[in-house]
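Have a look at coords.cif; it's mmCIF, C-alpha atoms:
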```
data_target
loop_
_atom_site.label_atom_id
_atom_site.label_comp_id
_atom_site.auth_asym_id
_atom_site.auth_seq_id
_atom_site.Cartn_x
_atom_site.Cartn_y
_atom_site.Cartn_z
CA MET A 10 27.92 6.07 -33.40
CA ARG A 11 31.64 5.29 -33.72
CA ASP A 12 32.42 9.01 -34.25
CA LEU A 13 30.29 9.92 -31.24
CA PHE A 14 32.04 7.33 -29.07
CA GLN A 15 35.45 8.65 -30.20
CA ALA A 16 34.43 12.24 -29.48
CA VAL A 17 33.26 11.36 -25.97
CA PHE A 18 35.93 8.89 -24.90
CA GLY A 19 38.82 9.96 -27.11
CA TYR A 20 39.41 6.67 -28.91
CA SER A 21 37.64 4.32 -31.32
CA MET A 22 36.98 0.56 -31.12
CA PRO A 23 37.40 -2.16 -33.80
CA TRP A 24 34.30 -3.83 -35.20
CA TRP A 25 34.61 -6.96 -33.03
CA SER A 26 34.68 -4.80 -29.88
CA TRP A 27 31.49 -3.13 -31.02
CA LEU A 28 29.94 -6.56 -31.53
CA LEU A 29 30.88 -7.78 -28.06
CA TRP A 30 29.75 -4.50 -26.51
CA SER A 31 26.38 -4.76 -28.25
CA VAL A 32 25.88 -8.38 -27.17
CA GLY A 33 26.68 -7.36 -23.60
CA VAL A 34 24.15 -4.53 -23.62
CA VAL A 35 21.45 -6.80 -25.05
CA ALA A 36 22.20 -9.45 -22.41
CA ILE A 37 22.01 -6.95 -19.55
CA VAL A 38 18.75 -5.48 -20.82
CA SER A 39 17.28 -8.96 -21.30
CA VAL A 40 18.20 -10.07 -17.77
CA TRP A 41 16.79 -6.85 -16.31
CA ALA A 42 13.56 -7.29 -18.25
CA ALA A 43 13.19 -10.92 -17.17
CA LEU A 44 13.77 -10.09 -13.51
CA PHE A 45 11.89 -6.85 -13.04
CA LEU A 46 9.29 -6.32 -15.76
CA PRO A 47 5.81 -7.67 -15.02
CA GLU A 48 4.53 -10.70 -16.88
CA TRP A 49 2.55 -10.44 -20.09
CA PRO A 50 -0.94 -9.20 -19.20
CA LEU A 51 -3.65 -11.85 -19.20
CA PRO A 52 -7.40 -11.24 -19.32
CA GLN A 53 -9.28 -11.12 -16.06
CA PHE A 54 -10.50 -14.53 -14.90
CA ARG A 55 -14.25 -15.19 -15.27
CA PRO A 56 -15.46 -18.45 -13.69
CA LEU A 57 -18.35 -19.97 -15.64
CA PHE A 58 -19.70 -21.90 -12.65
CA ARG A 59 -21.32 -20.66 -9.45
CA ASP A 60 -21.49 -23.74 -7.27
CA PRO A 61 -21.13 -23.11 -3.51
CA PRO A 62 -17.92 -24.21 -1.76
CA GLY A 63 -18.25 -27.57 -0.07
CA SER A 64 -20.79 -28.88 -2.56
CA ASP A 65 -20.22 -31.93 -4.74
CA ALA A 66 -20.65 -29.72 -7.80
CA PHE A 67 -17.93 -27.31 -6.65
CA LEU A 68 -15.51 -30.15 -5.93
CA HIS A 69 -16.26 -31.75 -9.29
CA ALA A 70 -15.67 -28.43 -11.07
CA MET A 71 -12.29 -27.98 -9.38
CA SER A 72 -11.23 -31.55 -10.07
CA SER A 73 -12.29 -31.34 -13.72
CA PHE A 74 -10.64 -27.99 -14.36
CA PHE A 75 -7.28 -29.01 -12.88
CA ASN A 76 -7.57 -32.53 -14.34
CA ILE A 77 -6.73 -34.22 -11.04
CA PRO A 78 -8.72 -36.85 -9.11
CA VAL A 79 -10.97 -36.18 -6.17
CA LEU A 80 -9.52 -37.67 -2.98
CA ARG A 81 -12.15 -39.08 -0.61
CA GLY A 82 -11.81 -40.49 2.87
CA GLY A 83 -9.20 -40.51 5.58
CA SER A 84 -8.52 -37.87 8.20
CA LEU A 85 -6.97 -34.42 8.46
CA THR A 86 -5.65 -33.08 11.76
CA LEU A 87 -4.46 -29.50 12.14
CA LEU A 88 -1.33 -29.29 14.32
CA GLN A 89 -0.58 -25.88 15.78
CA ASN A 90 3.03 -24.81 16.35
CA GLY A 91 6.12 -26.89 16.97
CA ASP A 92 4.95 -28.30 20.30
CA GLN A 93 2.28 -30.20 18.37
CA PHE A 94 3.66 -30.93 14.91
CA TYR A 95 7.28 -31.88 15.71
CA PRO A 96 6.36 -34.67 18.18
CA ALA A 97 3.68 -35.97 15.77
CA MET A 98 6.13 -36.08 12.86
CA LEU A 99 8.87 -37.76 14.90
CA GLU A 100 6.43 -40.31 16.34
CA ALA A 101 5.18 -41.24 12.88
CA MET A 102 8.72 -41.70 11.57
CA ARG A 103 9.83 -43.78 14.55
CA ALA A 104 7.00 -46.17 13.71
CA ALA A 105 8.03 -46.44 10.03
CA ARG A 106 8.46 -49.95 8.68
CA GLU A 107 9.13 -49.44 4.98
CA SER A 108 9.81 -45.86 3.89
CA ILE A 109 10.25 -42.28 5.02
CA HIS A 110 10.07 -39.54 2.41
CA PHE A 111 10.93 -36.09 3.71
CA GLN A 112 10.89 -32.93 1.59
CA VAL A 113 11.21 -29.43 3.06
CA TYR A 114 12.64 -26.09 2.00
CA ILE A 115 14.65 -25.42 5.17
CA PHE A 116 16.55 -28.05 7.13
CA GLU A 117 18.97 -26.81 9.77
CA PRO A 118 21.08 -29.24 11.83
CA ASP A 119 20.38 -27.49 15.15
CA GLU A 120 18.77 -29.14 18.19
CA ILE A 121 15.55 -29.67 16.22
CA GLY A 122 17.28 -30.86 13.05
CA ARG A 123 19.40 -33.25 15.11
CA GLN A 124 16.29 -35.00 16.41
CA PHE A 125 15.18 -35.66 12.85
CA MET A 126 18.66 -36.71 11.73
CA ASP A 127 18.88 -39.21 14.58
CA VAL A 128 15.56 -40.76 13.57
CA PHE A 129 16.59 -40.87 9.89
CA LYS A 130 19.82 -42.68 10.74
CA ALA A 131 18.19 -45.10 13.15
CA LYS A 132 15.44 -46.08 10.71
CA ALA A 133 17.87 -46.41 7.79
CA ARG A 134 20.00 -48.80 9.86
CA GLU A 135 16.85 -50.85 10.51
CA GLY A 136 16.38 -51.25 6.76
CA VAL A 137 13.73 -48.56 6.22
CA GLU A 138 14.12 -46.62 2.97
CA VAL A 139 14.82 -43.03 4.00
CA ARG A 140 14.87 -40.33 1.35
CA LEU A 141 15.59 -36.72 2.27
CA LEU A 142 15.11 -33.95 -0.29
CA VAL A 143 15.93 -30.37 0.69
CA ASP A 144 16.30 -27.18 -1.28
CA ALA A 145 19.93 -26.26 -1.94
CA PHE A 146 19.37 -22.59 -1.13
CA GLY A 147 16.91 -22.94 1.73
CA SER A 148 19.02 -25.62 3.43
CA LEU A 149 22.48 -24.09 3.12
CA ALA A 150 23.06 -24.92 6.79
CA LEU A 151 22.87 -28.65 6.02
CA ARG A 152 26.48 -28.85 4.96
CA ARG A 153 28.40 -31.61 3.28
CA ARG A 154 29.55 -33.13 6.57
CA HIS A 155 25.96 -33.41 7.76
CA ARG A 156 24.88 -35.02 4.51
CA ARG A 157 27.80 -37.44 4.64
CA GLU A 158 26.82 -38.40 8.20
CA LEU A 159 23.32 -39.26 7.01
CA GLU A 160 24.51 -41.09 3.91
CA GLU A 161 26.92 -43.26 5.90
CA ALA A 162 23.91 -44.49 7.88
CA GLY A 163 22.05 -45.36 4.67
CA VAL A 164 19.93 -42.24 4.17
CA GLN A 165 19.54 -41.04 0.59
CA VAL A 166 20.07 -37.26 0.59
CA ARG A 167 19.57 -34.89 -2.33
CA ARG A 168 19.68 -31.13 -2.66
CA PHE A 169 17.19 -29.71 -5.15
CA ARG A 170 18.93 -27.80 -7.94
CA ASP A 171 22.30 -27.82 -6.26
CA PHE A 172 24.57 -24.95 -7.13
CA GLY A 173 26.50 -25.48 -10.37
CA LEU A 174 26.78 -24.44 -13.98
CA ARG A 175 24.11 -26.89 -15.13
CA ASN A 176 21.57 -25.15 -12.88
CA LEU A 177 22.71 -21.60 -13.54
CA ALA A 178 19.66 -20.71 -15.65
CA ARG A 179 17.28 -22.28 -13.10
CA ILE A 180 18.93 -21.33 -9.82
CA TYR A 181 16.13 -18.95 -8.85
CA LYS A 182 13.47 -21.66 -9.25
CA ARG A 183 13.40 -23.23 -5.80
CA ASP A 184 11.76 -26.24 -4.14
CA HIS A 185 9.45 -24.79 -1.50
CA ARG A 186 7.28 -27.91 -1.03
CA ARG A 187 6.47 -29.55 2.29
CA ALA A 188 5.85 -33.23 1.63
CA ILE A 189 6.54 -35.71 4.44
CA VAL A 190 5.25 -39.27 3.99
CA VAL A 191 5.69 -42.36 6.17
CA ASP A 192 5.02 -45.82 4.70
CA GLY A 193 2.65 -44.24 2.18
CA ARG A 194 0.02 -44.13 4.95
CA VAL A 195 0.65 -40.99 7.02
CA ALA A 196 1.68 -37.62 5.64
CA PHE A 197 2.30 -34.06 6.76
CA THR A 198 2.19 -30.78 4.87
CA GLY A 199 1.88 -27.11 5.76
CA GLY A 200 4.08 -24.11 6.35
CA ALA A 201 6.78 -25.35 8.70
CA ALA A 202 10.20 -26.89 8.07
CA VAL A 203 13.05 -28.05 10.33
CA SER A 204 14.68 -25.40 12.50
CA ARG A 205 14.69 -24.23 16.11
CA LYS A 206 12.63 -21.16 15.14
CA TRP A 207 9.58 -23.42 14.68
CA LYS A 208 9.86 -25.07 18.11
CA GLY A 209 7.62 -24.16 21.02
CA ASP A 210 4.17 -22.59 21.17
CA VAL A 211 4.79 -18.84 20.61
CA ARG A 212 5.81 -18.36 24.21
CA ASN A 213 8.20 -15.62 23.14
CA ALA A 214 9.14 -13.61 20.04
CA HIS A 215 11.63 -16.29 18.92
CA GLU A 216 9.06 -19.09 18.56
CA TRP A 217 7.34 -18.82 15.18
CA ARG A 218 3.59 -19.23 14.73
CA ASP A 219 2.86 -21.96 12.16
CA SER A 220 0.78 -25.03 11.47
CA MET A 221 1.08 -28.41 9.79
CA THR A 222 -1.63 -30.84 8.74
CA ARG A 223 -1.40 -34.57 9.42
CA VAL A 224 -3.31 -36.63 6.87
CA THR A 225 -4.22 -40.27 6.43
CA GLY A 226 -6.22 -42.14 3.80
CA ALA A 227 -6.58 -40.93 0.23
CA PHE A 228 -4.95 -37.54 0.84
CA VAL A 229 -1.59 -39.20 1.55
CA ALA A 230 -1.25 -40.04 -2.14
CA GLY A 231 -1.46 -36.34 -2.98
CA VAL A 232 1.43 -35.51 -0.65
CA GLN A 233 3.43 -38.52 -1.86
CA ALA A 234 3.04 -37.34 -5.45
CA ALA A 235 4.50 -33.96 -4.51
CA PHE A 236 7.60 -35.69 -3.16
CA SER A 237 7.88 -38.23 -5.97
CA GLU A 238 7.75 -35.60 -8.70
CA ASN A 239 10.78 -33.71 -7.41
CA TRP A 240 12.64 -36.88 -6.37
CA VAL A 241 12.58 -38.32 -9.90
CA TYR A 242 13.81 -34.93 -11.17
CA GLU A 243 16.89 -35.20 -8.95
CA THR A 244 17.58 -38.95 -8.94
CA GLY A 245 15.72 -40.70 -11.74
CA GLU A 246 14.03 -43.01 -9.24
CA ILE A 247 10.34 -43.44 -10.05
CA ILE A 248 8.41 -43.86 -6.83
CA ALA A 249 5.22 -45.75 -7.72
CA GLY A 250 3.32 -48.92 -6.95
CA ASP A 251 1.53 -50.38 -3.92
CA ARG A 252 4.62 -50.13 -1.74
CA TYR A 253 4.46 -46.34 -1.83
CA TYR A 254 0.79 -45.81 -2.76
CA PRO A 255 -1.03 -48.51 -0.78
CA THR A 256 -4.72 -49.08 -1.48
CA VAL A 257 -6.94 -47.08 0.84
CA HIS A 258 -9.28 -49.72 2.26
CA GLY A 259 -12.92 -48.85 2.60
CA THR A 260 -13.17 -46.52 -0.38
CA GLU A 261 -12.38 -48.79 -3.32
CA GLY A 262 -15.09 -49.52 -5.77
CA ARG A 263 -17.45 -46.76 -4.77
CA THR A 264 -17.82 -43.01 -5.00
CA TRP A 265 -18.30 -41.08 -1.79
CA THR A 266 -20.72 -38.15 -1.84
CA GLN A 267 -21.69 -35.50 0.66
CA ARG A 268 -24.73 -37.68 1.51
CA ASP A 269 -22.30 -40.39 2.58
CA ALA A 270 -20.45 -37.75 4.57
CA ALA A 271 -23.59 -36.76 6.46
CA ALA A 272 -24.22 -40.39 7.33
CA ALA A 273 -20.67 -40.88 8.56
CA GLY A 274 -21.18 -39.05 11.84
CA ASP A 275 -21.19 -35.51 13.16
CA GLY A 276 -18.85 -34.32 10.48
CA SER A 277 -18.01 -35.72 7.10
CA VAL A 278 -15.75 -37.87 5.05
CA PRO A 279 -13.14 -35.35 3.88
CA CYS A 280 -13.03 -34.79 0.14
CA GLY A 281 -10.68 -32.65 -1.87
CA ILE A 282 -7.81 -32.33 -4.29
CA ALA A 283 -4.02 -32.27 -4.01
CA LEU A 284 -2.34 -29.72 -6.23
CA VAL A 285 1.35 -29.52 -7.12
CA SER A 286 2.84 -26.57 -8.93
CA SER A 287 6.08 -26.10 -10.85
CA PRO A 288 7.46 -22.98 -12.56
CA ALA A 289 5.67 -22.14 -15.79
CA ASP A 290 4.91 -19.00 -17.79
CA SER A 291 1.22 -19.62 -18.37
CA ALA A 292 0.04 -22.63 -16.35
CA GLN A 293 -0.08 -21.36 -12.77
CA PRO A 294 -2.42 -23.76 -10.96
CA ILE A 295 -1.71 -22.38 -7.49
CA ARG A 296 -2.89 -18.94 -8.55
CA LEU A 297 -6.02 -20.37 -10.18
CA LEU A 298 -6.84 -22.49 -7.14
CA PHE A 299 -6.59 -19.48 -4.85
CA TYR A 300 -8.60 -17.35 -7.24
CA LEU A 301 -11.43 -19.87 -7.57
CA SER A 302 -11.49 -20.41 -3.80
CA PHE A 303 -11.63 -16.67 -3.11
CA ALA A 304 -14.26 -15.96 -5.78
CA ALA A 305 -16.56 -18.72 -4.47
CA ALA A 306 -16.92 -17.25 -0.97
CA GLN A 307 -20.50 -16.41 -0.01
CA ARG A 308 -20.23 -15.76 3.75
CA ARG A 309 -16.64 -15.84 4.99
CA LEU A 310 -13.19 -15.68 3.44
CA TRP A 311 -10.40 -15.87 6.00
CA ILE A 312 -6.83 -15.76 4.69
CA CYS A 313 -3.67 -16.27 6.73
CA ASN A 314 -0.32 -16.00 4.97
CA SER A 315 3.21 -15.09 5.93
CA TYR A 316 4.13 -13.39 2.64
CA PHE A 317 1.09 -11.60 1.31
CA ILE A 318 1.64 -9.85 -2.03
CA PRO A 319 -1.45 -10.83 -4.04
CA ASP A 320 -1.39 -10.02 -7.75
CA LYS A 321 -4.07 -8.02 -9.54
CA LYS A 322 -6.33 -10.99 -10.23
CA LEU A 323 -6.25 -12.27 -6.66
CA ARG A 324 -6.86 -8.77 -5.31
CA ALA A 325 -9.81 -8.41 -7.67
CA ALA A 326 -11.37 -11.60 -6.30
CA VAL A 327 -10.82 -10.58 -2.67
CA THR A 328 -12.12 -7.02 -3.06
CA ALA A 329 -15.14 -8.14 -5.09
CA ARG A 330 -16.16 -10.54 -2.31
CA ALA A 331 -15.69 -7.85 0.35
CA ARG A 332 -17.86 -5.38 -1.62
CA ALA A 333 -20.50 -8.11 -1.93
CA GLY A 334 -20.78 -8.26 1.87
CA VAL A 335 -18.58 -11.31 2.50
CA ASP A 336 -16.63 -11.27 5.78
CA VAL A 337 -13.12 -11.04 4.30
CA ARG A 338 -10.20 -11.04 6.74
CA VAL A 339 -6.47 -11.18 6.05
CA LEU A 340 -3.97 -12.13 8.77
CA VAL A 341 -0.29 -11.33 8.13
CA PRO A 342 2.90 -10.82 10.16
CA GLY A 343 3.29 -7.67 12.22
CA ASN A 344 6.49 -6.20 13.64
CA HIS A 345 8.15 -9.62 13.73
CA THR A 346 9.06 -10.70 10.21
CA ASP A 347 12.03 -12.39 8.58
CA ALA A 348 11.43 -10.57 5.27
CA VAL A 349 10.98 -6.82 5.69
CA PRO A 350 11.06 -6.04 1.92
CA VAL A 351 8.26 -8.57 1.34
CA GLN A 352 6.18 -6.98 4.08
CA LEU A 353 6.79 -3.49 2.69
CA ALA A 354 5.77 -4.59 -0.80
CA GLY A 355 2.58 -6.07 0.60
CA HIS A 356 1.80 -2.79 2.37
CA THR A 357 1.34 -1.09 -1.00
CA TYR A 358 -1.95 -2.99 -1.44
CA TYR A 359 -3.40 -2.31 2.01
CA GLU A 360 -5.29 0.83 1.01
CA GLU A 361 -6.92 -0.84 -2.00
CA LEU A 362 -8.04 -3.76 0.16
CA LEU A 363 -9.22 -1.65 3.09
CA GLU A 364 -11.24 0.64 0.83
CA ALA A 365 -13.13 -2.41 -0.45
CA GLY A 366 -14.00 -3.53 3.07
CA VAL A 367 -11.31 -6.16 3.64
CA ARG A 368 -10.22 -6.37 7.28
CA ILE A 369 -6.45 -6.67 7.74
CA PHE A 370 -4.80 -7.89 10.95
CA GLU A 371 -1.10 -8.01 11.83
CA TYR A 372 0.03 -10.71 14.26
CA GLN A 373 1.98 -9.23 17.18
CA PRO A 374 3.69 -11.84 19.42
CA ALA A 375 6.15 -13.39 16.92
CA MET A 376 6.76 -14.21 13.29
CA LEU A 377 3.57 -15.55 11.67
CA HIS A 378 4.49 -18.20 9.10
CA ALA A 379 1.20 -20.11 8.69
CA LYS A 380 -0.43 -20.49 5.27
CA THR A 381 -4.14 -21.28 5.44
CA VAL A 382 -7.35 -20.27 3.70
CA VAL A 383 -10.87 -21.14 4.85
CA VAL A 384 -14.01 -20.35 2.85
CA ASP A 385 -17.56 -20.38 4.25
CA GLY A 386 -16.56 -22.72 7.05
CA CYS A 387 -16.34 -25.73 4.74
CA TRP A 388 -13.57 -25.32 2.11
CA SER A 389 -9.93 -25.03 3.17
CA VAL A 390 -6.56 -24.68 1.47
CA VAL A 391 -3.39 -25.68 3.36
CA GLY A 392 0.15 -26.35 2.23
CA SER A 393 3.43 -24.71 1.35
CA SER A 394 2.38 -21.84 -0.89
CA ASN A 395 2.69 -18.19 -0.03
CA LEU A 396 0.51 -15.55 -1.69
CA ASP A 397 3.27 -13.90 -3.66
CA LYS A 398 4.75 -14.02 -7.14
CA ARG A 399 7.58 -16.34 -6.14
CA SER A 400 5.28 -19.10 -4.91
CA ILE A 401 2.83 -18.70 -7.77
CA LYS A 402 5.34 -18.35 -10.59
CA TRP A 403 8.80 -19.62 -9.62
CA ASN A 404 8.64 -22.13 -6.77
CA GLU A 405 7.82 -25.81 -6.54
CA GLU A 406 4.76 -25.85 -4.24
CA ASN A 407 2.10 -28.26 -3.00
CA VAL A 408 -1.28 -27.66 -1.36
CA LEU A 409 -4.36 -29.60 -0.30
CA ALA A 410 -7.80 -28.12 -0.97
CA VAL A 411 -10.29 -29.81 1.32
CA SER A 412 -14.06 -29.95 1.60
CA ASP A 413 -14.68 -30.79 5.26
CA GLU A 414 -16.49 -28.76 7.91
CA ARG A 415 -14.63 -30.23 10.88
CA PHE A 416 -11.25 -29.38 9.39
CA ALA A 417 -12.45 -25.89 8.44
CA ARG A 418 -13.69 -25.31 11.99
CA ALA A 419 -10.26 -26.24 13.35
CA ILE A 420 -8.61 -23.67 11.09
CA GLU A 421 -11.15 -21.02 12.05
CA ALA A 422 -10.62 -21.70 15.76
CA GLY A 423 -6.89 -21.16 15.38
CA TYR A 424 -7.55 -18.05 13.30
CA GLU A 425 -9.77 -16.56 16.00
CA THR A 426 -7.12 -17.22 18.65
CA ASP A 427 -4.55 -15.46 16.47
CA LEU A 428 -6.85 -12.47 15.87
CA ALA A 429 -7.02 -11.93 19.62
CA ARG A 430 -3.23 -11.43 19.54
CA SER A 431 -3.24 -9.21 16.47
CA ARG A 432 -3.63 -5.51 15.67
CA GLU A 433 -6.26 -4.48 13.14
CA ILE A 434 -5.24 -1.97 10.49
CA HIS A 435 -7.79 0.82 9.93
CA LEU A 436 -8.03 2.84 6.75
CA ASP A 437 -7.90 6.34 8.24
CA ALA A 438 -4.85 5.57 10.35
CA TRP A 439 -3.16 3.77 7.47
CA ARG A 440 -3.49 6.81 5.22
CA ARG A 441 -1.62 8.87 7.82
CA ARG A 442 1.50 6.69 7.82
CA PRO A 443 4.79 8.59 7.28
CA LEU A 444 5.97 9.55 3.81
CA ALA A 445 9.28 7.78 4.41
CA GLN A 446 7.44 4.51 4.96
CA ARG A 447 5.47 5.03 1.75
CA ALA A 448 8.70 5.60 -0.17
CA LEU A 449 10.23 2.39 1.19
CA GLU A 450 7.08 0.47 0.24
CA ARG A 451 7.26 1.73 -3.34
CA LEU A 452 10.93 0.83 -3.57
CA ALA A 453 10.24 -2.68 -2.27
CA LYS A 454 7.41 -3.13 -4.77
CA VAL A 455 9.84 -2.66 -7.68
CA LEU A 456 11.49 -5.94 -6.69
CA VAL A 457 8.20 -7.82 -6.26
CA GLU A 458 9.10 -10.36 -8.98
CA GLN A 459 12.01 -11.55 -6.86
CA TYR A 460 10.29 -12.17 -3.53
#
```
Would you kindly transcribe this structure into structure tokens?
Amino acid sequence: MRDLFQAVFGYSMPWWSWLLWSVGVVAIVSVWAALFLPEWPLPQFRPLFRDPPGSDAFLHAMSSFFNIPVLRGGSLTLLQNGDQFYPAMLEAMRAARESIHFQVYIFEPDEIGRQFMDVFKAKAREGVEVRLLVDAFGSLALRRRHRRELEEAGVQVRRFRDFGLRNLARIYKRDHRRAIVVDGRVAFTGGAAVSRKWKGDVRNAHEWRDSMTRVTGAFVAGVQAAFSENWVYETGEIIAGDRYYPTVHGTEGRTWTQRDAAAAGDGSVPCGIALVSSPADSAQPIRLLFYLSFAAAQRRLWICNSYFIPDKKLRAAVTARARAGVDVRVLVPGNHTDAVPVQLAGHTYYEELLEAGVRIFEYQPAMLHAKTVVVDGCWSVVGSSNLDKRSIKWNEENVLAVSDERFARAIEAGYETDLARSREIHLDAWRRRPLAQRALERLAKVLVEQY
């Protein structure tokens, strides 16, 4: 090798140079493999239960498998677009008496962010504990002067995995959770964050389409846990006890069932689970939750997601349900998107899905950023997670999986409204798309691990 190197380049290197050169090559190859090679193949999932979504048995199976408690009671309200969810969030925080916990991926100090900052400062001056946790990468616009302004008013501000040498090996593992909790009694989660692009009601192409869910009762604890887990990681403060997890009156000492739900009125007492996910090589609960939800569908499976790059296992579940006659629909962004490479990578799976009978719709008026799943009109999944490798494998995420027909109907109603403003993709036309577009899609797919 040394003789070959000398013949090619005209000089030789000492042994220590060879050693450093070899270490460098190994490091580059290792980084490339970690970033771009697919994960170690796992066997196809095979659920050993066939309980229908919305049943007590299905909920018990999900709770047992993920080893998390069933949450029963309270309310869930779907809030569509910024005109609904921003006023509801601000109103809840203005009424805070003890604590405000606020965790989002993006926080921008524009006219929307300023409204939140003003409330944070005012409540902190009143003696309310205000904790703000944002992602260091997603919230680059929240600069040091903005954080200092909040801290001087008494707000505790942290940036998740701030840039620095200590986080160099974990810098790509981001906090994508949406966990907003007021007094441990009212919480919000969903797809939105804090920026002017979420304001409005999709009146023009600059107003994003998104939704948030307001929860009370037992489900609040699930959102609080999502915040607390990342807060202790950054600060060491352990958020626990009745002050932050108050007892939910009316549900202690008894187990609610679907029979209780039927007796409660026209709808039901919501039941479900709250799932948090952190980066791991093998334990990927978000992926498993989506898979089990998809595979359980008997009549309808409606998926809405802003970044739709399902892996092989999720595609297998979706296509199997479509071939079995289930009404499977996927709603994704159209011409308005903030992540063209992600959209192109997702396009590479359209033909496979369409051939199986999946109906795909692209939203036309503006950027679609909502993240919802509804199964058979009774089981819903809402929260922060996208359907891509980054959310499943690398991000901190949180979702609520809910058994409640009224909540599912609300999601379906919004879905139907969005379909009326969407363009359906048909297989024959899709196969005739230009070769240049196909080439760009393949190129984007190479980087799928990084989206």
Step by step, work through what the PyMOL selection byres ((chain A and resi 410) around 8) selects in the shown file, and finish by giving those residues as a PDB file with C-alpha atoms, in the coordinates of the input.
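Dumped everything to expr11.pdb:
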```
ATOM      1  CA  GLY A 281     -10.680 -32.650  -1.870  1.00  0.00           C
ATOM      2  CA  ILE A 282      -7.810 -32.330  -4.290  1.00  0.00           C
ATOM      3  CA  ALA A 283      -4.020 -32.270  -4.010  1.00  0.00           C
ATOM      4  CA  LEU A 284      -2.340 -29.720  -6.230  1.00  0.00           C
ATOM      5  CA  TRP A 388     -13.570 -25.320   2.110  1.00  0.00           C
ATOM      6  CA  SER A 389      -9.930 -25.030   3.170  1.00  0.00           C
ATOM      7  CA  VAL A 390      -6.560 -24.680   1.470  1.00  0.00           C
ATOM      8  CA  VAL A 391      -3.390 -25.680   3.360  1.00  0.00           C
ATOM      9  CA  VAL A 408      -1.280 -27.660  -1.360  1.00  0.00           C
ATOM     10  CA  LEU A 409      -4.360 -29.600  -0.300  1.00  0.00           C
ATOM     11  CA  VAL A 411     -10.290 -29.810   1.320  1.00  0.00           C
ATOM     12  CA  SER A 412     -14.060 -29.950   1.600  1.00  0.00           C
TER      13      SER A 412
END
```
Could you produce a table of the residues of region 154-220 of chain A lying within 6 Å of region 372-383 of chain A, with the nearest pair of atoms per residue and their separation in Å rounded to one decimal, using all atoms listed in the file, ordered by chain and increasing residue number, as CSV?
```
residue,atom,partner,partner_atom,distance
A:Gly200,CA,A:Ala379,CA,5.5
A:Ala214,CA,A:Ala375,CA,4.3
A:Trp217,CA,A:Met376,CA,5.0
A:Arg218,CA,A:Leu377,CA,4.8
A:Asp219,CA,A:Ala379,CA,4.3
A:Ser220,CA,A:Ala379,CA,5.7
```
Would you export the selected residues with C-alpha atoms as a compact mmCIF listing (two decimals), in the coordinates of the input, please?
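Dumped everything to out.txt:
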```txt
# COMPACT_ATOMS: atom_id res chain seq x y z
CA GLY A 200 4.08 -24.11 6.35
CA ALA A 214 9.14 -13.61 20.04
CA TRP A 217 7.34 -18.82 15.18
CA ARG A 218 3.59 -19.23 14.73
CA ASP A 219 2.86 -21.96 12.16
CA SER A 220 0.78 -25.03 11.47
```
Original post:
Near region 123-132 of chain A, counting only C-alpha atoms, which residues have an atom at most 12 Å away, once you skip same-chain residues fewer than 6 positions from it, shown as a PyMOL selection string?
Top reply: chain A and resi 95-111+116-117+138-141+151+155-166+191+202-205+208
Subject >> Selected residue of minimal separation from Tyr300 (chain A) among A:Leu396, A:Ile180, A:Val34, A:Val224, counting only C-alpha atoms >> reply: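 For Tyr300 (chain A), the nearest of the candidates is A:Leu396.
The space separating CA of Arg418 (chain A) from CA of Val384 (chain A) comes to 10.4 Å.
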Subject >> Exercise: Arg168 (chain A) partners within 9 Å, all atoms listed in the file, chain neighbours under 4 positions left out, as JSON, numbers by chain >> reply: {"A": [141, 142, 143, 144, 145, 146, 148, 243]}
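Taking CA of Ala331 (chain A) and CA of Val367 (chain A) as the two end points, the separation is 5.7 Å.
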**OP:** Could you jot down the CA of Asp397 (chain A) to CA of Gly91 (chain A) separation for me, Å, one decimal place?
**Re:** 24.5 Å
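Across A:Ala36, A:Ala249, A:Ala196, A:Leu310, the tightest approach to Ala417 (chain A) is made by A:Leu310 when counting all atoms listed in the file.
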Subject >> Nearby residues (all atoms listed in the file) at most 12 Å from region 358-366 of chain A, same-chain spacing under 6 positions excluded, as a PyMOL selection string >> reply: chain A and resi 317-321+323-341+351-352+433-442+447+450-451+454
